[in-house]
$ cat upload_15.cif   # mmCIF, C-alpha atoms
data_protein
loop_
_atom_site.label_atom_id
_atom_site.label_comp_id
_atom_site.auth_asym_id
_atom_site.auth_seq_id
_atom_site.Cartn_x
_atom_site.Cartn_y
_atom_site.Cartn_z
CA MET A 8 -1.88 -0.77 25.16
CA ALA A 9 1.19 -2.48 23.80
CA SER A 10 2.90 -5.81 24.00
CA LYS A 11 6.66 -6.19 23.89
CA PRO A 12 8.05 -8.43 21.12
CA ASP A 13 10.84 -10.78 22.15
CA TYR A 14 13.72 -9.18 20.25
CA ASN A 15 16.36 -6.71 21.30
CA HIS A 16 15.62 -3.26 19.89
CA GLU A 17 19.13 -2.11 20.56
CA ASN A 18 20.48 -4.71 18.14
CA GLU A 19 18.29 -4.10 16.01
CA SER A 20 -5.25 -2.52 -6.73
CA ASP A 21 -11.34 -6.08 -12.93
CA ALA A 22 -9.90 -3.21 -14.91
CA GLN A 23 -9.61 -3.84 -18.65
CA PRO A 24 -6.11 -3.76 -20.20
CA GLY A 25 -6.74 -0.49 -22.04
CA HIS A 26 -7.57 1.31 -18.81
CA CYS A 27 -5.54 -0.32 -16.06
CA ARG A 28 -2.41 1.79 -16.06
CA SER A 29 -4.37 4.88 -15.18
CA ARG A 30 -6.08 4.29 -11.91
CA PHE A 31 -8.18 7.39 -12.37
CA ALA A 32 -11.54 7.70 -14.10
CA SER A 33 -10.04 9.89 -16.83
CA LEU A 34 -6.90 8.58 -18.52
CA SER A 35 -4.01 10.97 -19.07
CA ARG A 36 -0.70 10.37 -20.87
CA ARG A 37 1.18 11.50 -17.78
CA HIS A 38 -0.45 8.94 -15.50
CA PHE A 39 -0.12 6.29 -18.18
CA LEU A 40 3.62 6.89 -18.47
CA ARG A 41 4.06 6.64 -14.72
CA GLY A 42 2.83 3.04 -14.79
CA LEU A 43 5.01 1.68 -17.57
CA GLY A 44 7.85 0.11 -15.60
CA ALA A 45 8.31 -3.64 -15.09
CA CYS A 46 11.06 -5.73 -13.51
CA LEU A 47 11.95 -9.34 -12.75
CA ALA A 48 13.12 -10.96 -9.55
CA LEU A 49 13.67 -14.11 -7.50
CA PRO A 50 13.69 -14.42 -3.72
CA THR A 51 16.95 -13.38 -2.09
CA PHE A 52 18.44 -16.89 -1.92
CA GLU A 53 21.44 -17.48 0.34
CA THR A 54 22.75 -19.89 -2.32
CA LEU A 55 22.88 -17.20 -4.98
CA GLN A 56 24.26 -14.51 -2.69
CA PRO A 57 25.92 -15.75 0.51
CA PHE A 58 24.48 -14.23 3.64
CA GLY A 59 27.85 -12.79 4.59
CA VAL A 60 27.58 -10.54 1.55
CA PHE A 61 24.32 -9.08 2.87
CA ALA A 62 25.90 -8.35 6.23
CA ALA A 63 28.92 -6.72 4.56
CA GLU A 64 26.68 -4.63 2.32
CA ALA A 65 24.58 -3.59 5.31
CA LYS A 66 27.67 -2.50 7.18
CA SER A 67 29.04 -0.50 4.25
CA ALA A 68 25.63 1.12 3.69
CA GLY A 69 25.37 2.17 7.32
CA GLN A 70 22.56 -0.29 8.14
CA LEU A 71 20.21 1.51 5.72
CA ALA A 72 16.87 -0.35 5.64
CA THR A 73 18.45 -3.53 6.99
CA SER A 74 18.14 -5.53 10.20
CA PRO A 75 21.14 -6.08 12.51
CA THR A 76 21.79 -9.34 10.61
CA GLY A 77 21.93 -7.50 7.27
CA ALA A 78 18.58 -8.78 5.98
CA PRO A 79 16.26 -6.26 4.29
CA LEU A 80 13.77 -4.45 6.51
CA ARG A 81 10.26 -3.95 5.11
CA MET A 82 7.52 -1.52 6.04
CA ALA A 83 3.84 -1.68 5.06
CA PHE A 84 0.69 0.24 5.97
CA VAL A 85 -2.68 -1.56 5.70
CA TYR A 86 -5.84 0.56 5.94
CA PHE A 87 -9.34 -0.65 6.74
CA PRO A 88 -12.35 1.70 6.32
CA ASN A 89 -15.03 3.10 8.61
CA GLY A 90 -13.25 2.59 11.91
CA ALA A 91 -14.11 -0.28 14.29
CA ILE A 92 -16.43 -1.09 17.19
CA PRO A 93 -14.22 0.15 20.06
CA ALA A 94 -15.69 -2.21 22.69
CA ASN A 95 -14.59 -5.22 20.60
CA TRP A 96 -11.19 -3.85 19.59
CA TRP A 97 -9.11 -2.98 22.62
CA PRO A 98 -7.36 -5.76 24.59
CA THR A 99 -7.19 -5.96 28.34
CA GLY A 100 -3.96 -5.84 30.29
CA GLU A 101 -0.59 -4.32 29.49
CA GLY A 102 2.91 -5.37 28.49
CA GLN A 103 3.14 -9.05 27.59
CA GLU A 104 0.30 -9.94 29.94
CA PHE A 105 -2.67 -8.94 27.82
CA GLU A 106 -5.71 -10.65 26.37
CA LEU A 107 -6.93 -10.02 22.84
CA ASN A 108 -10.50 -8.78 22.48
CA ARG A 109 -13.02 -10.30 20.06
CA THR A 110 -11.94 -8.41 16.92
CA MET A 111 -8.26 -9.24 17.43
CA GLN A 112 -8.73 -12.90 18.35
CA PRO A 113 -7.54 -14.05 14.87
CA LEU A 114 -4.10 -12.61 15.76
CA GLU A 115 -3.56 -15.04 18.63
CA ASN A 116 -0.97 -17.08 16.69
CA VAL A 117 1.24 -14.01 16.21
CA LYS A 118 0.38 -12.34 19.50
CA GLU A 119 3.99 -12.23 20.67
CA ARG A 120 4.82 -10.06 17.64
CA LEU A 121 2.15 -7.44 18.30
CA GLN A 122 2.35 -3.93 19.60
CA ILE A 123 -1.10 -2.39 20.12
CA PHE A 124 -1.09 1.34 20.70
CA GLY A 125 -3.89 3.33 22.26
CA GLY A 126 -4.17 7.10 22.37
CA LEU A 127 -3.39 7.68 18.69
CA ASP A 128 -5.37 10.77 17.62
CA HIS A 129 -5.72 12.38 14.19
CA VAL A 130 -6.44 15.98 15.16
CA ASN A 131 -6.27 17.13 11.53
CA ALA A 132 -9.04 14.68 10.62
CA THR A 133 -11.51 16.34 12.97
CA PRO A 134 -14.06 18.79 11.48
CA GLY A 135 -12.54 22.00 12.80
CA PRO A 136 -13.71 24.87 10.55
CA ASP A 137 -14.25 22.53 7.60
CA GLY A 138 -17.46 20.84 8.72
CA ALA A 139 -18.55 17.51 7.26
CA GLY A 140 -16.19 15.22 5.35
CA ASP A 141 -14.74 12.97 8.04
CA HIS A 142 -14.16 10.01 5.72
CA ALA A 143 -12.07 12.01 3.26
CA ARG A 144 -10.08 13.62 6.07
CA ALA A 145 -9.59 10.25 7.82
CA SER A 146 -7.80 8.60 4.91
CA GLY A 147 -6.18 11.80 3.60
CA THR A 148 -4.60 12.42 6.98
CA PHE A 149 -3.74 8.82 7.86
CA LEU A 150 -0.17 8.80 6.47
CA THR A 151 0.34 12.52 5.81
CA GLY A 152 -0.61 13.94 9.20
CA VAL A 153 -1.86 17.17 7.61
CA ARG A 154 -5.28 18.79 7.24
CA VAL A 155 -6.22 18.18 3.63
CA LYS A 156 -7.70 21.03 1.60
CA LYS A 157 -11.47 20.91 1.30
CA THR A 158 -11.99 20.92 -2.45
CA ALA A 159 -13.64 18.72 -5.04
CA GLY A 160 -11.67 20.30 -7.87
CA ALA A 161 -8.18 19.90 -9.27
CA ASP A 162 -6.59 22.01 -6.54
CA ILE A 163 -6.21 19.11 -4.09
CA HIS A 164 -3.62 19.56 -1.38
CA ALA A 165 -2.50 17.11 1.28
CA GLY A 166 1.09 16.34 2.25
CA ILE A 167 3.91 13.89 1.58
CA SER A 168 2.92 10.56 3.15
CA ILE A 169 5.31 8.77 5.48
CA ASP A 170 5.77 5.84 3.08
CA GLN A 171 7.03 8.25 0.42
CA VAL A 172 9.30 9.97 2.92
CA ALA A 173 10.88 6.56 3.51
CA ALA A 174 10.89 5.74 -0.22
CA ASN A 175 12.85 8.93 -0.90
CA GLN A 176 15.54 7.65 1.45
CA ILE A 177 15.74 3.93 0.69
CA GLY A 178 13.84 3.45 -2.59
CA HIS A 179 17.07 3.29 -4.58
CA LEU A 180 17.93 -0.02 -2.91
CA THR A 181 15.18 -1.91 -4.75
CA ARG A 182 13.63 -2.05 -8.22
CA PHE A 183 10.54 -0.24 -6.97
CA PRO A 184 10.88 2.55 -4.40
CA SER A 185 7.41 1.67 -3.09
CA LEU A 186 4.36 -0.38 -3.99
CA GLU A 187 0.74 0.74 -3.71
CA LEU A 188 -2.17 -1.74 -3.66
CA THR A 189 -5.94 -1.53 -3.32
CA CYS A 190 -9.03 -3.72 -3.53
CA ASP A 191 -11.14 -0.88 -4.97
CA ALA A 192 -11.40 -1.97 -8.60
CA VAL A 193 -13.57 1.03 -9.51
CA ARG A 194 -12.28 4.51 -8.74
CA LYS A 195 -14.37 7.65 -8.60
CA SER A 196 -13.51 11.27 -9.32
CA GLY A 197 -14.93 14.64 -8.35
CA ASN A 198 -16.78 15.10 -5.06
CA CYS A 199 -16.80 12.01 -2.84
CA ASP A 200 -17.47 13.35 0.65
CA SER A 201 -19.19 16.64 1.49
CA GLY A 202 -17.07 18.77 -0.85
CA TYR A 203 -13.85 16.72 -0.61
CA SER A 204 -12.21 15.26 -3.70
CA CYS A 205 -12.30 11.49 -4.23
CA ALA A 206 -8.50 11.67 -4.39
CA TYR A 207 -8.39 11.78 -0.60
CA GLN A 208 -10.44 8.59 -0.18
CA TYR A 209 -8.91 6.46 -2.93
CA ASN A 210 -5.23 7.14 -2.23
CA LEU A 211 -3.17 6.53 0.90
CA SER A 212 0.19 7.42 -0.61
CA TRP A 213 1.16 10.97 -1.63
CA ARG A 214 4.40 11.73 -3.47
CA SER A 215 3.85 15.46 -2.94
CA PRO A 216 1.04 17.57 -1.46
CA THR A 217 -0.60 17.75 -4.89
CA GLN A 218 0.35 14.34 -6.30
CA PRO A 219 -1.23 11.16 -4.91
CA VAL A 220 0.27 7.82 -5.91
CA ALA A 221 -2.58 5.80 -7.39
CA PRO A 222 -2.68 2.19 -6.12
CA GLU A 223 -3.01 -0.84 -8.42
CA PRO A 224 -6.26 -2.81 -8.01
CA ASN A 225 -5.61 -5.66 -10.47
CA PRO A 226 -3.42 -8.52 -9.18
CA ARG A 227 -2.51 -9.63 -12.71
CA LEU A 228 -1.30 -6.17 -13.67
CA LEU A 229 0.52 -5.85 -10.37
CA PHE A 230 2.30 -9.16 -10.93
CA GLU A 231 3.27 -8.21 -14.50
CA ARG A 232 4.59 -4.89 -13.28
CA LEU A 233 6.77 -6.70 -10.76
CA PHE A 234 7.93 -9.67 -12.84
CA GLY A 235 6.93 -9.20 -16.47
CA ALA A 236 4.23 -10.75 -18.65
CA GLY A 237 3.93 -14.34 -19.82
CA ALA A 238 4.33 -17.77 -18.31
CA PRO A 239 7.30 -18.76 -16.14
CA GLY A 240 10.37 -18.96 -18.36
CA GLU A 241 9.11 -16.31 -20.79
CA ARG A 242 9.30 -13.22 -18.63
CA LYS A 243 12.97 -12.36 -19.13
CA GLU A 244 12.49 -11.95 -22.87
CA SER A 245 9.22 -10.12 -22.20
CA LEU A 246 11.11 -7.66 -20.02
CA LYS A 247 13.64 -6.93 -22.75
CA ARG A 248 10.87 -6.27 -25.29
CA ARG A 249 9.07 -4.04 -22.84
CA GLN A 250 12.15 -1.98 -22.10
CA GLU A 251 12.74 -1.50 -25.82
CA GLN A 252 9.13 -0.37 -26.23
CA GLN A 253 9.51 2.00 -23.33
CA ARG A 254 12.59 3.58 -24.85
CA SER A 255 10.77 4.02 -28.16
CA ILE A 256 7.86 5.70 -26.41
CA LEU A 257 10.13 7.96 -24.40
CA ASP A 258 12.10 8.99 -27.51
CA PHE A 259 8.82 9.86 -29.22
CA VAL A 260 7.59 11.83 -26.21
CA LEU A 261 10.81 13.83 -25.91
CA ASP A 262 10.88 14.68 -29.63
CA ASP A 263 7.22 15.66 -29.46
CA ALA A 264 7.79 17.80 -26.38
CA ARG A 265 10.75 19.68 -27.85
CA SER A 266 8.74 20.71 -30.91
CA LEU A 267 5.74 21.62 -28.77
CA GLN A 268 7.65 23.65 -26.21
CA ARG A 269 8.39 26.45 -28.67
CA GLN A 270 4.66 27.03 -29.21
CA LEU A 271 3.50 27.20 -25.58
CA ALA A 272 2.71 30.10 -23.30
CA SER A 273 4.59 30.34 -20.01
CA ARG A 274 1.90 28.62 -17.88
CA ASP A 275 1.67 25.73 -20.33
CA LYS A 276 5.45 25.44 -20.36
CA GLN A 277 5.28 24.92 -16.61
CA LYS A 278 2.81 22.08 -17.12
CA LEU A 279 5.07 20.61 -19.79
CA ASP A 280 8.04 20.72 -17.44
CA GLU A 281 6.03 18.73 -14.90
CA TYR A 282 5.13 16.25 -17.63
CA LEU A 283 8.76 15.91 -18.70
CA GLY A 284 9.65 15.27 -15.07
CA SER A 285 7.48 12.17 -15.30
CA VAL A 286 9.29 11.13 -18.48
CA ARG A 287 12.67 11.53 -16.81
CA GLU A 288 11.36 9.45 -13.90
CA ILE A 289 10.59 6.61 -16.31
CA GLU A 290 14.05 6.92 -17.85
CA LYS A 291 15.65 6.64 -14.43
CA ARG A 292 13.50 3.59 -13.65
CA ILE A 293 14.66 1.81 -16.80
CA GLU A 294 18.30 2.65 -16.12
CA HIS A 295 17.92 1.51 -12.52
CA ALA A 296 16.41 -1.83 -13.60
CA GLU A 297 19.25 -2.37 -16.06
CA ARG A 298 21.88 -1.65 -13.40
CA LEU A 299 20.29 -4.17 -11.04
CA ASP A 300 20.25 -6.71 -13.89
CA ALA A 301 17.35 -9.02 -14.66
CA THR A 302 17.21 -12.36 -12.85
CA PRO A 303 15.21 -15.50 -13.77
CA ASP A 304 11.51 -14.96 -13.15
CA PRO A 305 9.79 -16.69 -10.21
CA ALA A 306 8.11 -20.04 -10.78
CA VAL A 307 4.71 -18.60 -9.97
CA GLU A 308 1.75 -18.49 -12.32
CA THR A 309 0.46 -15.05 -13.22
CA PRO A 310 -2.86 -14.27 -11.47
CA ALA A 311 -5.86 -14.39 -13.78
CA GLY A 312 -7.19 -10.98 -12.71
CA ILE A 313 -9.59 -9.71 -10.08
CA PRO A 314 -11.35 -12.65 -8.35
CA ALA A 315 -15.13 -12.64 -8.00
CA SER A 316 -15.11 -13.11 -4.22
CA PHE A 317 -13.82 -10.33 -1.99
CA ASP A 318 -12.03 -12.62 0.42
CA GLU A 319 -10.05 -14.23 -2.41
CA TYR A 320 -9.37 -10.76 -3.81
CA ILE A 321 -7.87 -9.50 -0.56
CA GLN A 322 -5.90 -12.69 -0.01
CA ILE A 323 -4.27 -12.60 -3.44
CA MET A 324 -3.30 -8.95 -3.00
CA TYR A 325 -1.76 -9.75 0.38
CA ASP A 326 0.13 -12.58 -1.38
CA MET A 327 1.39 -10.09 -3.98
CA MET A 328 2.78 -7.95 -1.19
CA ILE A 329 4.52 -10.95 0.36
CA LEU A 330 6.04 -11.87 -3.00
CA ALA A 331 7.24 -8.30 -3.53
CA PHE A 332 8.93 -8.34 -0.12
CA GLN A 333 10.30 -11.85 -0.53
CA THR A 334 11.95 -10.95 -3.84
CA ASP A 335 13.17 -7.64 -2.44
CA SER A 336 11.37 -5.86 -5.26
CA THR A 337 10.47 -3.17 -2.74
CA ARG A 338 10.72 -2.62 0.98
CA ILE A 339 7.80 -0.19 1.31
CA ALA A 340 4.12 -0.84 0.57
CA THR A 341 0.67 0.57 1.25
CA PHE A 342 -2.54 -1.44 0.97
CA LEU A 343 -5.97 0.24 0.92
CA LEU A 344 -8.39 -2.63 1.62
CA ALA A 345 -11.35 -0.42 0.67
CA ASN A 346 -11.84 3.32 0.40
CA GLU A 347 -12.82 5.20 3.53
CA GLY A 348 -16.61 5.37 3.60
CA SER A 349 -16.91 2.13 1.61
CA ASN A 350 -20.46 0.79 1.56
CA ARG A 351 -19.58 -2.70 0.39
CA ALA A 352 -21.89 -5.50 1.48
CA PHE A 353 -20.44 -8.74 2.86
CA PRO A 354 -22.45 -11.70 1.55
CA GLU A 355 -19.44 -13.86 2.46
CA ILE A 356 -20.59 -13.64 6.09
CA GLY A 357 -24.31 -13.14 5.47
CA ILE A 358 -24.39 -9.34 5.69
CA ALA A 359 -26.46 -7.76 2.92
CA GLU A 360 -26.35 -4.16 4.15
CA GLY A 361 -23.52 -1.80 3.25
CA HIS A 362 -20.61 -1.36 5.64
CA HIS A 363 -20.86 2.44 5.88
CA PHE A 364 -24.61 2.31 6.38
CA LEU A 365 -24.22 -0.12 9.27
CA THR A 366 -21.56 1.96 11.03
CA HIS A 367 -24.21 4.62 11.67
CA HIS A 368 -25.90 2.14 13.98
CA ARG A 369 -27.39 4.66 16.46
CA ASN A 370 -26.62 2.10 19.18
CA LYS A 371 -28.90 -0.54 17.69
CA GLN A 372 -27.39 -3.83 18.82
CA GLU A 373 -28.23 -5.74 15.63
CA MET A 374 -26.33 -3.22 13.51
CA ILE A 375 -23.44 -3.07 15.98
CA ASP A 376 -23.11 -6.86 15.81
CA LYS A 377 -22.94 -6.74 12.01
CA VAL A 378 -20.24 -4.06 12.03
CA ALA A 379 -18.30 -6.11 14.56
CA GLY A 380 -18.63 -9.08 12.21
CA ILE A 381 -17.13 -7.05 9.36
CA ASP A 382 -14.31 -5.87 11.63
CA LEU A 383 -13.60 -9.49 12.52
CA TRP A 384 -13.71 -10.56 8.85
CA TYR A 385 -11.12 -7.95 7.88
CA MET A 386 -8.94 -9.03 10.80
CA LYS A 387 -9.09 -12.68 9.75
CA GLN A 388 -7.68 -11.73 6.34
CA PHE A 389 -4.93 -9.72 8.01
CA ALA A 390 -4.11 -12.58 10.38
CA ARG A 391 -3.74 -14.98 7.47
CA PHE A 392 -1.29 -12.54 5.87
CA LEU A 393 0.77 -12.22 9.05
CA GLU A 394 0.88 -15.97 9.62
CA LYS A 395 2.08 -16.48 6.06
CA MET A 396 4.76 -13.83 6.63
CA GLU A 397 5.77 -15.67 9.81
CA GLN A 398 6.01 -18.99 7.93
CA THR A 399 8.17 -17.51 5.14
CA LYS A 400 11.87 -17.70 5.86
CA ASP A 401 13.99 -14.67 5.09
CA VAL A 402 17.60 -14.64 3.91
CA ASP A 403 18.96 -14.53 7.47
CA GLY A 404 16.91 -17.51 8.65
CA ASN A 405 14.41 -15.37 10.53
CA SER A 406 10.85 -15.06 9.31
CA LEU A 407 9.77 -12.40 6.83
CA LEU A 408 7.52 -11.02 9.56
CA HIS A 409 10.43 -10.75 11.99
CA ASN A 410 12.15 -8.41 9.52
CA SER A 411 9.06 -6.30 8.81
CA MET A 412 6.96 -3.56 10.37
CA ILE A 413 3.31 -3.84 9.32
CA VAL A 414 0.91 -1.13 10.50
CA TYR A 415 -2.82 -2.01 10.45
CA GLY A 416 -5.26 0.75 11.22
CA SER A 417 -7.93 3.26 10.25
CA GLY A 418 -8.20 7.05 10.30
CA ASN A 419 -11.67 6.76 11.80
CA ALA A 420 -12.16 5.49 15.34
CA ASP A 421 -15.88 5.16 16.03
CA GLY A 422 -17.66 5.14 12.66
CA ASN A 423 -21.01 5.88 14.29
CA ARG A 424 -19.86 9.26 15.59
CA HIS A 425 -17.03 9.92 13.11
CA THR A 426 -14.41 10.33 15.81
CA HIS A 427 -10.68 10.44 15.21
CA VAL A 428 -9.51 10.03 18.80
CA ASN A 429 -7.89 6.81 20.03
CA CYS A 430 -7.84 5.40 16.49
CA PRO A 431 -7.61 1.60 16.19
CA SER A 432 -4.19 0.27 15.19
CA SER A 433 -1.86 -2.68 15.66
CA TRP A 434 1.79 -3.01 14.72
CA PRO A 435 3.47 -6.37 14.17
CA ALA A 436 6.92 -4.94 14.72
CA ALA A 437 10.21 -5.30 12.87
CA ALA A 438 13.56 -6.46 14.14
CA ALA A 439 14.76 -2.87 14.01
CA ALA A 440 13.46 0.50 12.98
CA ALA A 441 13.34 0.91 9.17
#
$ encode --input "upload_15.cif" --output "structure tokens"
Amino acid sequence: MASKPDYNHENESDAQPGHCRSRFASLSRRHFLRGLGACLALPTFETLQPFGVFAAEAKSAGQLATSPTGAPLRMAFVYFPNGAIPANWWPTGEGQEFELNRTMQPLENVKERLQIFGGLDHVNATPGPDGAGDHARASGTFLTGVRVKKTAGADIHAGISIDQVAANQIGHLTRFPSLELTCDAVRKSGNCDSGYSCAYQYNLSWRSPTQPVAPEPNPRLLFERLFGAGAPGERKESLKRRQEQQRSILDFVLDDARSLQRQLASRDKQKLDEYLGSVREIEKRIEHAERLDATPDPAVETPAGIPASFDEYIQIMYDMMILAFQTDSTRIATFLLANEGSNRAFPEIGIAEGHHFLTHHRNKQEMIDKVAGIDLWYMKQFARFLEKMEQTKDVDGNSLLHNSMIVYGSGNADGNRHTHVNCPSSWPAAAAAA
């Protein structure tokens, strides 16, 4: 079922500092280097850059990742785990004449922006010849669309996720090609689901079939990555120092690699080439940041870290995504609210049992009601995010939400039966396709 938004389509992740940059259980230099970049930004003020300039730039760029008015277009994918209670999810009616069901009631204030699609199936998440492992397949397939390889070893294989497909096309327009967030502060490795690697459950974004993009769980580290360390007014100098440190590290790495390369066998040389590709990626990121030039840092205090309460945790990560969009630091984001199969309890709403445990309710009404309560809780957090996006004015005078496409969904449909047919999703739609 889908509503029709009232616009014209034709015009249209508490880690400690020594461990945070690797979002894996075992720290590697390669993953550490990938997380070194940091940039500064302010919102895209009309005063600082007249809106006519945006429109002219959009026209010259062939409307790449921009709305018809020339404002930036953003795209985000938000994933909730374990599916939903179908009877409480789907609305009644079609077109603009529809009524939100219990789980979606919190979205009433942005109802006119919603498109709710039924009939979305993830065929490659079904068991097929691979047997158990529906949670790993659900999240591994969500944005890749492929059947992930059943392995708990290092030979993981999925596909390039749609966010990274977009980032490859428009990522050069912003300081960060994409942004990956999560509220799973602790990551696991090895076997997570019936012979499937934890990589499939803890990552939504995949740069290549063998390379997931690890999300950031710490709001403080995420903020410092976006805007630099320190208090407001200190971040510009902090950025300069950080870039100098990065260059020193990269020079050391390259010198070290050149001397090492002569001693390696052919297979190790291949691994070294992959490693050096990461180094060159960092070099390009620094050069890109310097070309864009650093602007005064935002007058926002740096988050203290991971909050104790889960609702505050999710809210602050949603706020980080809004800030990243508002400052045009990126136009593409993914947010894993919790890993697929998460067994988190919800004392915030009086639920002591684990989420995953409850989803296997065997049609017991008390358990169904608790799962529905968790579904509703997640939706309330999402609704708060959308309303804040709607209240935030963009550079063209429209709301930030008007110029965004936010997909909210799960790779599991009915968590009790582990189905992947008619998966729950809702799409507050953008002013034009990204």
$ closest_residue --input "upload_15.cif" --among "A:Lys276, A:Arg144, A:Arg182, A:Lys387" --to "His427 of chain A" --atoms "only C-alpha atoms"
A:Arg144
$ residues_near_point --input "upload_15.cif" --point "(-12.6, 6.2, 7.7)" --cutoff "12 Å" --atoms "only C-alpha atoms" --output "NGL selection string"
:A and (86-91 or 129 or 132-133 or 140-149 or 200 or 207-209 or 211 or 343-350 or 362-363 or 366 or 416-427 or 430-431)
$ atom_distance --input "upload_15.cif" --atom1 "atom CA of Glu187 of chain A" --atom2 "atom CA of Glu223 of chain A"
6.2 Å
$ closest_residue --input "upload_15.cif" --among "A:Ala206, A:Val85, A:Ile92, A:Ile356" --to "Phe392 of chain A" --atoms "all atoms listed in the file"
A:Val85
$ atom_distance --input "upload_15.cif" --atom1 "atom CA of Met396 of chain A" --atom2 "atom CA of Tyr325 of chain A"
9.9 Å
$ residues_near_point --input "upload_15.cif" --point "(8.9, -13.5, 9.8)" --cutoff "9 Å" --atoms "only C-alpha atoms" --output "ChimeraX atom specification"
/A:393-401,405-411,437
$ write_last_selection --input "upload_15.cif" --atoms "C-alpha atoms" --output "mmCIF file, in the coordinates of the input"
data_model
loop_
_atom_site.group_PDB
_atom_site.id
_atom_site.type_symbol
_atom_site.label_atom_id
_atom_site.label_comp_id
_atom_site.auth_asym_id
_atom_site.auth_seq_id
_atom_site.Cartn_x
_atom_site.Cartn_y
_atom_site.Cartn_z
ATOM 1 C CA LEU A 393 0.770 -12.220 9.050
ATOM 2 C CA GLU A 394 0.880 -15.970 9.620
ATOM 3 C CA LYS A 395 2.080 -16.480 6.060
ATOM 4 C CA MET A 396 4.760 -13.830 6.630
ATOM 5 C CA GLU A 397 5.770 -15.670 9.810
ATOM 6 C CA GLN A 398 6.010 -18.990 7.930
ATOM 7 C CA THR A 399 8.170 -17.510 5.140
ATOM 8 C CA LYS A 400 11.870 -17.700 5.860
ATOM 9 C CA ASP A 401 13.990 -14.670 5.090
ATOM 10 C CA ASN A 405 14.410 -15.370 10.530
ATOM 11 C CA SER A 406 10.850 -15.060 9.310
ATOM 12 C CA LEU A 407 9.770 -12.400 6.830
ATOM 13 C CA LEU A 408 7.520 -11.020 9.560
ATOM 14 C CA HIS A 409 10.430 -10.750 11.990
ATOM 15 C CA ASN A 410 12.150 -8.410 9.520
ATOM 16 C CA SER A 411 9.060 -6.300 8.810
ATOM 17 C CA ALA A 437 10.210 -5.300 12.870
#
$ resolve_selection --input "upload_15.cif" --expression "the PyMOL selection byres ((chain A and resi 311) around 6)" --output "JSON, numbers by chain"
{"A": [227, 310, 312]}
$ residues_around --input "upload_15.cif" --residues "segment 100-112 of chain A" --least-positions-apart "3" --cutoff "12 Å" --atoms "all atoms listed in the file" --output "NGL selection string"
:A and (8-13 or 91-97 or 115-125 or 376 or 378-390 or 415 or 431-433)
$ resolve_selection --input "upload_15.cif" --expression "the PyMOL selection byres ((chain A and resi 332) around 10)" --output "list in words"
Pro50, Thr51, Pro79, Leu80, Arg81, Met82, Ala83, Leu186, Asp326, Met327, Met328, Ile329, Leu330, Ala331, Gln333, Thr334, Asp335, Ser336, Thr337, Arg338, Ile339, Ala340, Met396, Asp401, Leu407 and Ser411 of chain A
$ atom_distance --input "upload_15.cif" --atom1 "atom CA of Leu71 of chain A" --atom2 "atom CA of Pro216 of chain A"
26.0 Å
$ closest_residue --input "upload_15.cif" --among "A:Ser316, A:Ile167, A:Ile323, A:Val414" --to "Ala352 of chain A" --atoms "only C-alpha atoms"
A:Ser316
$ closest_residue --input "upload_15.cif" --among "A:Pro224, A:Pro435, A:Gly357, A:Pro239" --to "Tyr320 of chain A" --atoms "all atoms listed in the file"
A:Pro224
